[in-house]
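Asker: This is query_15.pdb, which holds PDB, C-alpha atoms, pLDDT in the B column:
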```
MODEL        1
ATOM      1  CA  MET P   1      -4.480  31.545 -11.394  1.00 50.00           C
ATOM      2  CA  ALA P   2      -3.514  35.188 -11.696  1.00 50.00           C
ATOM      3  CA  PRO P   3      -4.505  37.081 -14.872  1.00 55.00           C
ATOM      4  CA  SER P   4      -2.144  36.835 -17.844  1.00 53.00           C
ATOM      5  CA  PHE P   5      -1.166  40.079 -19.546  1.00 52.00           C
ATOM      6  CA  LEU P   6      -0.167  40.684 -23.156  1.00 53.00           C
ATOM      7  CA  ASN P   7       1.452  44.102 -23.532  1.00 50.00           C
ATOM      8  CA  HIS P   8       2.601  46.316 -26.369  1.00 45.00           C
ATOM      9  CA  SER P   9       3.863  49.868 -26.045  1.00 39.00           C
ATOM     10  CA  LEU P  10       1.800  52.315 -28.143  1.00 35.00           C
ATOM     11  CA  LEU P  11       3.977  55.321 -28.891  1.00 36.00           C
ATOM     12  CA  ILE P  12       3.053  55.863 -32.536  1.00 37.00           C
ATOM     13  CA  LYS P  13       1.911  59.092 -34.254  1.00 33.00           C
ATOM     14  CA  ALA P  14      -0.209  59.318 -37.404  1.00 34.00           C
ATOM     15  CA  ASP P  15       1.164  61.734 -40.042  1.00 40.00           C
ATOM     16  CA  GLY P  16       3.081  63.537 -37.311  1.00 38.00           C
ATOM     17  CA  VAL P  17      -0.162  64.891 -35.807  1.00 37.00           C
ATOM     18  CA  GLY P  18      -0.238  62.631 -32.740  1.00 45.00           C
ATOM     19  CA  LEU P  19      -3.780  61.351 -33.318  1.00 50.00           C
ATOM     20  CA  PRO P  20      -4.746  58.169 -31.429  1.00 66.00           C
ATOM     21  CA  LEU P  21      -4.620  54.951 -33.431  1.00 77.00           C
ATOM     22  CA  ALA P  22      -6.932  51.933 -33.249  1.00 85.00           C
ATOM     23  CA  VAL P  23      -5.393  48.914 -31.543  1.00 88.00           C
ATOM     24  CA  SER P  24      -6.904  45.455 -31.847  1.00 91.00           C
ATOM     25  CA  TRP P  25      -6.033  42.066 -30.368  1.00 92.00           C
ATOM     26  CA  MET P  26      -6.656  38.861 -32.336  1.00 94.00           C
ATOM     27  CA  ARG P  27      -6.234  35.191 -31.435  1.00 95.00           C
ATOM     28  CA  THR P  28      -4.326  33.753 -34.376  1.00 94.00           C
ATOM     29  CA  ARG P  29      -5.475  30.155 -33.818  1.00 93.00           C
ATOM     30  CA  ASP P  30      -8.955  30.886 -35.125  1.00 93.00           C
ATOM     31  CA  LEU P  31      -8.402  34.477 -36.376  1.00 93.00           C
ATOM     32  CA  HIS P  32     -10.928  35.667 -33.804  1.00 94.00           C
ATOM     33  CA  VAL P  33     -10.802  39.411 -33.084  1.00 94.00           C
ATOM     34  CA  LEU P  34     -10.974  39.725 -29.302  1.00 94.00           C
ATOM     35  CA  THR P  35     -10.839  43.480 -28.746  1.00 92.00           C
ATOM     36  CA  VAL P  36     -10.687  46.738 -30.678  1.00 92.00           C
ATOM     37  CA  GLY P  37      -9.618  49.585 -28.453  1.00 88.00           C
ATOM     38  CA  SER P  38     -11.439  49.086 -25.171  1.00 88.00           C
ATOM     39  CA  PHE P  39     -14.368  47.262 -26.847  1.00 92.00           C
ATOM     40  CA  THR P  40     -14.619  43.473 -26.524  1.00 93.00           C
ATOM     41  CA  PHE P  41     -15.784  41.331 -29.468  1.00 93.00           C
ATOM     42  CA  THR P  42     -15.982  37.928 -27.843  1.00 93.00           C
ATOM     43  CA  ASN P  43     -18.509  36.152 -25.636  1.00 93.00           C
ATOM     44  CA  ASP P  44     -15.662  34.947 -23.424  1.00 93.00           C
ATOM     45  CA  GLU P  45     -15.901  37.337 -20.468  1.00 92.00           C
ATOM     46  CA  ARG P  46     -12.370  36.498 -19.370  1.00 93.00           C
ATOM     47  CA  PHE P  47     -10.958  38.801 -22.067  1.00 92.00           C
ATOM     48  CA  SER P  48     -10.820  42.572 -21.788  1.00 91.00           C
ATOM     49  CA  ALA P  49      -8.525  45.383 -22.935  1.00 89.00           C
ATOM     50  CA  HIS P  50      -7.602  48.803 -21.632  1.00 86.00           C
ATOM     51  CA  ARG P  51      -4.971  51.472 -22.096  1.00 84.00           C
ATOM     52  CA  ASP P  52      -2.577  52.360 -19.320  1.00 82.00           C
ATOM     53  CA  PRO P  53      -2.856  56.160 -18.959  1.00 84.00           C
ATOM     54  CA  THR P  54       0.673  56.403 -17.560  1.00 83.00           C
ATOM     55  CA  SER P  55       2.674  54.355 -20.073  1.00 80.00           C
ATOM     56  CA  GLY P  56       0.275  54.410 -23.029  1.00 79.00           C
ATOM     57  CA  ASP P  57       0.417  50.591 -23.262  1.00 82.00           C
ATOM     58  CA  TRP P  58      -2.607  48.739 -24.604  1.00 84.00           C
ATOM     59  CA  ILE P  59      -3.095  45.683 -22.379  1.00 87.00           C
ATOM     60  CA  LEU P  60      -5.052  42.553 -23.170  1.00 89.00           C
ATOM     61  CA  VAL P  61      -6.158  40.892 -19.932  1.00 90.00           C
ATOM     62  CA  LEU P  62      -7.001  37.199 -19.733  1.00 91.00           C
ATOM     63  CA  ARG P  63      -8.456  36.108 -16.391  1.00 90.00           C
ATOM     64  CA  ARG P  64      -8.403  32.507 -15.180  1.00 87.00           C
ATOM     65  CA  PRO P  65      -6.178  31.301 -18.067  1.00 89.00           C
ATOM     66  CA  GLN P  66      -6.319  27.645 -19.070  1.00 89.00           C
ATOM     67  CA  PRO P  67      -3.770  25.525 -20.987  1.00 90.00           C
ATOM     68  CA  SER P  68      -6.128  25.636 -23.979  1.00 93.00           C
ATOM     69  CA  ASP P  69      -5.545  29.421 -24.128  1.00 93.00           C
ATOM     70  CA  SER P  70      -1.894  28.883 -25.047  1.00 93.00           C
ATOM     71  CA  GLY P  71      -0.804  30.071 -28.479  1.00 93.00           C
ATOM     72  CA  PHE P  72      -0.139  33.231 -30.456  1.00 94.00           C
ATOM     73  CA  TYR P  73      -2.020  36.499 -30.042  1.00 93.00           C
ATOM     74  CA  GLU P  74      -1.568  39.383 -32.475  1.00 92.00           C
ATOM     75  CA  CYS P  75      -1.671  43.083 -31.715  1.00 91.00           C
ATOM     76  CA  SER P  76      -2.563  45.211 -34.781  1.00 90.00           C
ATOM     77  CA  ILE P  77      -2.199  48.998 -35.029  1.00 88.00           C
ATOM     78  CA  SER P  78      -4.068  50.947 -37.692  1.00 86.00           C
ATOM     79  CA  THR P  79      -1.061  52.516 -39.332  1.00 84.00           C
ATOM     80  CA  LYS P  80      -0.516  52.540 -43.106  1.00 84.00           C
ATOM     81  CA  PRO P  81       0.591  49.887 -43.716  1.00 88.00           C
ATOM     82  CA  VAL P  82      -0.861  48.074 -40.693  1.00 87.00           C
ATOM     83  CA  THR P  83       1.645  47.271 -37.951  1.00 87.00           C
ATOM     84  CA  ALA P  84       1.210  43.829 -36.365  1.00 90.00           C
ATOM     85  CA  ILE P  85       3.159  42.207 -33.554  1.00 88.00           C
ATOM     86  CA  ALA P  86       2.659  38.575 -32.451  1.00 90.00           C
ATOM     87  CA  VAL P  87       3.000  37.480 -28.829  1.00 88.00           C
ATOM     88  CA  LYS P  88       3.187  33.847 -27.698  1.00 90.00           C
ATOM     89  CA  LEU P  89       1.336  32.899 -24.516  1.00 90.00           C
ATOM     90  CA  ASN P  90       2.239  29.714 -22.638  1.00 89.00           C
ATOM     91  CA  VAL P  91      -0.130  28.706 -19.838  1.00 89.00           C
ATOM     92  CA  VAL P  92       1.415  26.112 -17.525  1.00 88.00           C
ATOM     93  CA  VAL P  93      -0.295  24.139 -14.765  1.00 89.00           C
ATOM     94  CA  PRO P  94       1.769  23.932 -11.541  1.00 93.00           C
ATOM     95  CA  SER P  95       2.252  20.477 -10.040  1.00 94.00           C
ATOM     96  CA  VAL P  96       2.936  19.611  -6.402  1.00 95.00           C
ATOM     97  CA  GLU P  97       4.597  16.659  -4.665  1.00 95.00           C
ATOM     98  CA  LEU P  98       5.643  15.614  -1.183  1.00 95.00           C
ATOM     99  CA  VAL P  99       9.251  14.449  -1.342  1.00 92.00           C
ATOM    100  CA  GLY P 100       9.641  10.739  -0.664  1.00 84.00           C
ATOM    101  CA  GLY P 101       6.033   9.679  -1.109  1.00 78.00           C
ATOM    102  CA  GLY P 102       4.647   6.629   0.653  1.00 81.00           C
ATOM    103  CA  ASP P 103       4.494   6.669   4.464  1.00 91.00           C
ATOM    104  CA  VAL P 104       6.996   8.290   6.839  1.00 94.00           C
ATOM    105  CA  TYR P 105       8.315   6.371   9.878  1.00 94.00           C
ATOM    106  CA  LEU P 106      10.386   7.917  12.669  1.00 93.00           C
ATOM    107  CA  ASP P 107      11.117   7.298  16.343  1.00 94.00           C
ATOM    108  CA  ARG P 108       9.672   9.381  19.128  1.00 93.00           C
ATOM    109  CA  GLY P 109      11.970  12.297  19.947  1.00 93.00           C
ATOM    110  CA  SER P 110      13.222  12.614  16.368  1.00 94.00           C
ATOM    111  CA  THR P 111      12.750  15.614  14.073  1.00 94.00           C
ATOM    112  CA  LEU P 112       9.944  15.295  11.548  1.00 95.00           C
ATOM    113  CA  ASN P 113      10.925  16.889   8.223  1.00 95.00           C
ATOM    114  CA  LEU P 114       8.317  17.065   5.443  1.00 96.00           C
ATOM    115  CA  THR P 115       9.125  18.814   2.150  1.00 97.00           C
ATOM    116  CA  CYS P 116       6.548  20.043  -0.350  1.00 97.00           C
ATOM    117  CA  MET P 117       7.719  20.923  -3.897  1.00 97.00           C
ATOM    118  CA  VAL P 118       5.701  23.087  -6.316  1.00 97.00           C
ATOM    119  CA  HIS P 119       6.948  22.742  -9.913  1.00 96.00           C
ATOM    120  CA  PHE P 120       6.207  24.665 -13.136  1.00 93.00           C
ATOM    121  CA  SER P 121       5.064  27.813 -11.343  1.00 92.00           C
ATOM    122  CA  PRO P 122       6.552  30.929 -13.049  1.00 87.00           C
ATOM    123  CA  THR P 123       4.928  33.032 -10.322  1.00 88.00           C
ATOM    124  CA  PRO P 124       5.567  31.719  -6.780  1.00 93.00           C
ATOM    125  CA  PRO P 125       2.394  30.615  -4.967  1.00 94.00           C
ATOM    126  CA  GLU P 126       0.944  33.290  -2.701  1.00 94.00           C
ATOM    127  CA  PHE P 127       0.970  30.805   0.171  1.00 95.00           C
ATOM    128  CA  ILE P 128       1.576  27.142   1.026  1.00 96.00           C
ATOM    129  CA  LEU P 129      -0.549  25.785   3.870  1.00 96.00           C
ATOM    130  CA  TRP P 130       0.265  22.722   5.974  1.00 97.00           C
ATOM    131  CA  TYR P 131      -2.453  20.575   7.557  1.00 97.00           C
ATOM    132  CA  HIS P 132      -2.304  17.871  10.225  1.00 95.00           C
ATOM    133  CA  ARG P 133      -5.364  15.659  10.604  1.00 94.00           C
ATOM    134  CA  ASP P 134      -7.310  18.114   8.373  1.00 93.00           C
ATOM    135  CA  LYS P 135      -6.533  21.032  10.693  1.00 94.00           C
ATOM    136  CA  LEU P 136      -4.197  23.930   9.911  1.00 94.00           C
ATOM    137  CA  VAL P 137      -0.824  23.390  11.577  1.00 92.00           C
ATOM    138  CA  ASN P 138      -0.460  25.691  14.587  1.00 85.00           C
ATOM    139  CA  TYR P 139       3.056  27.150  14.481  1.00 80.00           C
ATOM    140  CA  GLY P 140       2.596  29.042  17.758  1.00 75.00           C
ATOM    141  CA  GLN P 141       1.692  26.031  19.853  1.00 75.00           C
ATOM    142  CA  PRO P 142       3.037  26.493  23.445  1.00 77.00           C
ATOM    143  CA  GLY P 143       5.944  24.222  24.242  1.00 76.00           C
ATOM    144  CA  ARG P 144       6.331  23.019  20.642  1.00 83.00           C
ATOM    145  CA  ALA P 145       9.060  23.859  18.129  1.00 90.00           C
ATOM    146  CA  ILE P 146       7.308  23.850  14.743  1.00 92.00           C
ATOM    147  CA  THR P 147       8.748  25.878  11.875  1.00 92.00           C
ATOM    148  CA  VAL P 148       8.262  26.247   8.112  1.00 93.00           C
ATOM    149  CA  GLU P 149      11.036  27.180   5.677  1.00 94.00           C
ATOM    150  CA  THR P 150      10.154  28.370   2.159  1.00 94.00           C
ATOM    151  CA  GLU P 151      12.520  28.836  -0.776  1.00 95.00           C
ATOM    152  CA  HIS P 152      11.918  29.992  -4.380  1.00 94.00           C
ATOM    153  CA  ARG P 153      14.222  29.001  -7.246  1.00 94.00           C
ATOM    154  CA  GLY P 154      13.182  29.675 -10.814  1.00 93.00           C
ATOM    155  CA  ASP P 155       9.773  28.090 -11.380  1.00 93.00           C
ATOM    156  CA  THR P 156      10.077  25.818  -8.325  1.00 96.00           C
ATOM    157  CA  THR P 157       9.023  26.588  -4.739  1.00 96.00           C
ATOM    158  CA  ARG P 158      10.119  24.434  -1.798  1.00 96.00           C
ATOM    159  CA  SER P 159       8.346  24.428   1.582  1.00 97.00           C
ATOM    160  CA  SER P 160       9.684  22.356   4.506  1.00 96.00           C
ATOM    161  CA  LEU P 161       7.745  21.626   7.694  1.00 96.00           C
ATOM    162  CA  LEU P 162       9.981  20.872  10.692  1.00 95.00           C
ATOM    163  CA  VAL P 163       8.630  19.410  13.948  1.00 95.00           C
ATOM    164  CA  LEU P 164      11.240  18.986  16.661  1.00 94.00           C
ATOM    165  CA  ASN P 165      11.007  16.258  19.314  1.00 93.00           C
ATOM    166  CA  ALA P 166       8.135  14.445  17.601  1.00 93.00           C
ATOM    167  CA  SER P 167       5.677  12.558  19.800  1.00 92.00           C
ATOM    168  CA  SER P 168       2.900  10.058  19.139  1.00 92.00           C
ATOM    169  CA  TRP P 169       0.514  13.011  18.819  1.00 92.00           C
ATOM    170  CA  ASP P 170       2.395  14.047  15.671  1.00 94.00           C
ATOM    171  CA  SER P 171       1.377  10.832  13.919  1.00 95.00           C
ATOM    172  CA  GLY P 172      -1.382  10.977  11.333  1.00 95.00           C
ATOM    173  CA  GLN P 173      -2.019  12.448   7.924  1.00 95.00           C
ATOM    174  CA  TYR P 174      -0.284  15.638   6.804  1.00 96.00           C
ATOM    175  CA  ALA P 175      -1.232  17.676   3.743  1.00 96.00           C
ATOM    176  CA  CYS P 176       0.412  20.437   1.737  1.00 96.00           C
ATOM    177  CA  LYS P 177      -1.837  22.918  -0.132  1.00 97.00           C
ATOM    178  CA  PRO P 178      -0.281  25.628  -2.346  1.00 96.00           C
ATOM    179  CA  SER P 179      -2.468  28.510  -3.493  1.00 94.00           C
ATOM    180  CA  ASN P 180      -2.055  27.539  -7.158  1.00 91.00           C
ATOM    181  CA  ALA P 181      -1.997  23.725  -7.090  1.00 93.00           C
ATOM    182  CA  GLU P 182      -3.828  20.681  -5.789  1.00 93.00           C
ATOM    183  CA  ARG P 183      -3.545  19.386  -2.244  1.00 95.00           C
ATOM    184  CA  VAL P 184      -1.290  16.364  -1.599  1.00 95.00           C
ATOM    185  CA  SER P 185      -1.108  14.195   1.522  1.00 95.00           C
ATOM    186  CA  ILE P 186       1.281  11.860   3.320  1.00 95.00           C
ATOM    187  CA  LYS P 187       0.916   9.660   6.407  1.00 95.00           C
ATOM    188  CA  VAL P 188       3.345   9.894   9.329  1.00 96.00           C
ATOM    189  CA  HIS P 189       3.979   7.172  11.950  1.00 96.00           C
ATOM    190  CA  VAL P 190       5.849   8.149  15.133  1.00 95.00           C
ATOM    191  CA  LEU P 191       7.035   4.891  16.737  1.00 93.00           C
ATOM    192  CA  ARG P 192       8.010   4.140  20.330  1.00 84.00           C
ATOM    193  CA  SER P 193      11.610   2.994  20.378  1.00 69.00           C
ATOM    194  CA  GLU P 194      14.224   2.438  23.060  1.00 58.00           C
ATOM    195  CA  THR P 195      16.716   4.238  20.821  1.00 53.00           C
ATOM    196  CA  PRO P 196      15.833   7.957  20.886  1.00 48.00           C
ATOM    197  CA  ALA P 197      16.123  10.324  17.937  1.00 46.00           C
ATOM    198  CA  ALA P 198      16.559   7.620  15.309  1.00 46.00           C
ATOM    199  CA  MET P 199      16.741   8.533  11.638  1.00 51.00           C
ATOM    200  CA  GLN P 200      13.505   9.331   9.771  1.00 62.00           C
ATOM    201  CA  THR P 201      12.697   6.954   6.930  1.00 63.00           C
ATOM    202  CA  THR P 202      10.181   7.104   4.122  1.00 58.00           C
ATOM    203  CA  THR P 203       8.850   3.840   2.758  1.00 54.00           C
ATOM    204  CA  SER P 204       5.744   2.242   1.367  1.00 46.00           C
ATOM    205  CA  ALA P 205       6.366  -0.997   3.292  1.00 43.00           C
ATOM    206  CA  SER P 206       5.086  -1.682   6.800  1.00 45.00           C
ATOM    207  CA  PRO P 207       7.468  -2.365   9.738  1.00 47.00           C
ATOM    208  CA  ARG P 208       5.236  -5.283  10.737  1.00 45.00           C
ATOM    209  CA  LEU P 209       5.895  -6.895   7.359  1.00 44.00           C
ATOM    210  CA  CYS P 210       9.642  -6.552   7.867  1.00 43.00           C
ATOM    211  CA  THR P 211       9.342  -8.101  11.337  1.00 46.00           C
ATOM    212  CA  THR P 212       7.418 -11.076   9.872  1.00 45.00           C
ATOM    213  CA  TYR P 213      10.193 -11.718   7.315  1.00 45.00           C
ATOM    214  CA  LEU P 214      12.799 -11.592  10.107  1.00 48.00           C
ATOM    215  CA  LEU P 215      10.917 -14.188  12.180  1.00 51.00           C
ATOM    216  CA  ILE P 216      10.646 -16.528   9.173  1.00 53.00           C
ATOM    217  CA  PHE P 217      14.386 -16.173   8.534  1.00 52.00           C
ATOM    218  CA  CYS P 218      15.210 -16.979  12.166  1.00 51.00           C
ATOM    219  CA  LEU P 219      12.921 -20.030  12.091  1.00 56.00           C
ATOM    220  CA  LEU P 220      14.574 -21.406   8.954  1.00 58.00           C
ATOM    221  CA  LEU P 221      18.002 -20.797  10.452  1.00 58.00           C
ATOM    222  CA  SER P 222      17.098 -22.705  13.613  1.00 62.00           C
ATOM    223  CA  LEU P 223      15.823 -25.662  11.552  1.00 61.00           C
ATOM    224  CA  LEU P 224      18.930 -25.833   9.379  1.00 58.00           C
ATOM    225  CA  THR P 225      21.479 -25.527  12.181  1.00 56.00           C
ATOM    226  CA  PRO P 226      20.865 -29.003  13.845  1.00 52.00           C
ATOM    227  CA  VAL P 227      21.038 -30.720  10.437  1.00 44.00           C
ATOM    228  CA  SER P 228      24.424 -29.208   9.708  1.00 40.00           C
ATOM    229  CA  SER P 229      25.744 -30.248  13.170  1.00 39.00           C
ATOM    230  CA  SER P 230      24.486 -33.821  12.764  1.00 39.00           C
ATOM    231  CA  SER P 231      26.137 -34.174   9.362  1.00 37.00           C
ATOM    232  CA  SER P 232      29.454 -32.990  10.774  1.00 39.00           C
ATOM    233  CA  CYS P 233      29.320 -35.555  13.591  1.00 35.00           C
ATOM    234  CA  ARG P 234      28.676 -38.412  11.182  1.00 41.00           C
ATOM    235  CA  ARG P 235      31.618 -37.413   9.041  1.00 42.00           C
ATOM    236  CA  SER P 236      33.880 -37.355  12.108  1.00 41.00           C
ATOM    237  CA  GLN P 237      32.746 -40.845  13.185  1.00 45.00           C
ATOM    238  CA  ARG P 238      33.640 -42.268   9.806  1.00 42.00           C
TER     239      ARG P 238
ENDMDL
END
```
Before we go any further, please render this structure as structure tokens.

Answerer:
Amino acid sequence: MAPSFLNHSLLIKADGVGLPLAVSWMRTRDLHVLTVGSFTFTNDERFSAHRDPTSGDWILVLRRPQPSDSGFYECSISTKPVTAIAVKLNVVVPSVELVGGGDVYLDRGSTLNLTCMVHFSPTPPEFILWYHRDKLVNYGQPGRAITVETEHRGDTTRSSLLVLNASSWDSGQYACKPSNAERVSIKVHVLRSETPAAMQTTTSASPRLCTTYLLIFCLLLSLLTPVSSSSSCRRSQR
């Protein structure tokens, strides 16, 4: 995660003389003084403070923030009376998902479209990597049309991997890895079909299972059909 910054503009004069004032940062949860000026008063090395020479802002820096760091922080300035301003910090953990879930089935010659969604990320991830069979996807592969489209909206980032004219080589496990979230995977099955460019489907069921149910249905139908014909003949004889 990138560092989190708590800022307050320091443009205050003491008695009209313009002397520098002491600025301290405190964590209100446990009333722990973190910094006074540029000096740090905590054993947590993630905290530090400095003054921006251009703007005059005193900045509290928190590196590698965790959700447990969320809460109020108070900036105090040594005026008379003391000036204090509270700032609320919310640390969110981005989550990632591959749209559809389960396994992806498509016919050879179709377009493979995988979409990776990163949620709860106020700052867009620096990158989103795609892997195929644990190897980085090669977008410049000769003779292949492989593209990635990325879109940012609010705290959500969408990355779509498109593989045109998919072949059996494109089967296997794919993974999406954003810079600020965990890696997620999905399995792709490119099937040989007499009907080219069929629609891509995402399901957790196996095509073999569906074929088994179809055979059972046909068998039951063939057993019931003679019985129905025989009953009709008997009725006609009567």

Asker: Kindly extract all protein, DNA and RNA residues lying within 7 Å of the coordinates (-4.6, 24.7, -20.1) given in the file, considering only C-alpha atoms, and supply them as a list in words.

Answerer: Gln66, Pro67, Ser68, Asp69, Val91, Val92 and Val93 of chain P

Asker: Take the residues from that selection and write them out as a PDB file, in the frame of the given file, keeping C-alpha atoms.

Answerer:
```
ATOM      1  CA  GLN P  66      -6.319  27.645 -19.070  1.00 89.00           C
ATOM      2  CA  PRO P  67      -3.770  25.525 -20.987  1.00 90.00           C
ATOM      3  CA  SER P  68      -6.128  25.636 -23.979  1.00 93.00           C
ATOM      4  CA  ASP P  69      -5.545  29.421 -24.128  1.00 93.00           C
ATOM      5  CA  VAL P  91      -0.130  28.706 -19.838  1.00 89.00           C
ATOM      6  CA  VAL P  92       1.415  26.112 -17.525  1.00 88.00           C
ATOM      7  CA  VAL P  93      -0.295  24.139 -14.765  1.00 89.00           C
TER       8      VAL P  93
END
```

Asker: Expand the PyMOL selection byres ((chain P and resi 48) around 6) into the explicit residue set it covers here, and present it as a PyMOL selection string.

Answerer: chain P and resi 47+49+60-61

Asker: With a distance cut-off of 12 Å and all atoms listed in the file, select the neighbouring residues of Val36 (chain P), excluding the residue or stretch itself and same-chain residues fewer than 2 positions from it, and output the selection as a ChimeraX atom specification.

Answerer: /P:21-26,32-34,38-42,47-51,58-60,74-78

Asker: Just give me the gap between CA of Asn113 (chain P) and CA of Ala181 (chain P) in Å, one decimal is fine.

Answerer: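 Separation of CA of Asn113 (chain P) and CA of Ala181 (chain P): 21.2 Å.
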
Asker: Can you turn the PyMOL selection byres ((chain P and resi 128-135) around 6) into a concrete residue list for this file, as number ranges by chain?

Answerer: P: 127, 136-137, 173-178

Asker: When you draw a straight line from CA of Lys88 (chain P) to CA of Arg29 (chain P), how long is it in Å?

Answerer: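 Result for CA of Lys88 (chain P) versus CA of Arg29 (chain P): 11.2 Å, one decimal.
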
Asker: Do you know which residues the PyMOL selection byres ((chain P and resi 72) around 6) returns on this file, as number ranges by chain?

Answerer: P: 28, 71, 73, 87-88

Asker: Report, in Å with one decimal, the straight-line distance from CA of Asp155 (chain P) to CA of Glu126 (chain P).

Answerer: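 If I compute the distance from CA of Asp155 (chain P) to CA of Glu126 (chain P), I get 13.4 Å.
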
Asker: Quick one: residues within 7 Å of region 161-164 of chain P, all atoms listed in the file, excluding same-chain residues fewer than 5 positions away - as an MDAnalysis selection string?

Answerer: chainID P and resid 110:115 145:149

Asker: Determine the nearest neighbour of Lys187 (chain P) from the options P:Thr83, P:Ser160, P:Ser171, P:Ser55, counting all atoms listed in the file.

Answerer: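 Distance minimum relative to Lys187 (chain P) lands on P:Ser171.
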
Asker: Restricting the calculation to only C-alpha atoms, which member of P:Asn138, P:Thr123, P:Asn90, P:Ser167 is positioned closest to Tyr105 (chain P)?

Answerer: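 Among the listed residues, P:Ser167 lies closest to Tyr105 (chain P).
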
Asker: Using all atoms of region 187-190 of chain P listed in the file and a margin of 3 Å per side, can you give the axis-aligned box centre and edge lengths in Å to one decimal, as AutoDock Vina command-line options?

Answerer:
```
--center_x 3.4 --center_y 8.5 --center_z 10.8 --size_x 10.9 --size_y 8.7 --size_z 14.7
```

Asker: Tell me which of P:Gly109, P:His189, P:Leu89, P:Pro125 sits closest to Glu151 (chain P), counting only C-alpha atoms.

Answerer: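 That would be P:Pro125, the residue with the smallest distance to Glu151 (chain P).
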
Asker: Between P:Val188, P:Ile85, P:Val118, P:Ala166, which one has atoms that come closest to Gly154 (chain P), using all atoms listed in the file?

Answerer: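 The answer is P:Val118, which sits nearest to Gly154 (chain P).
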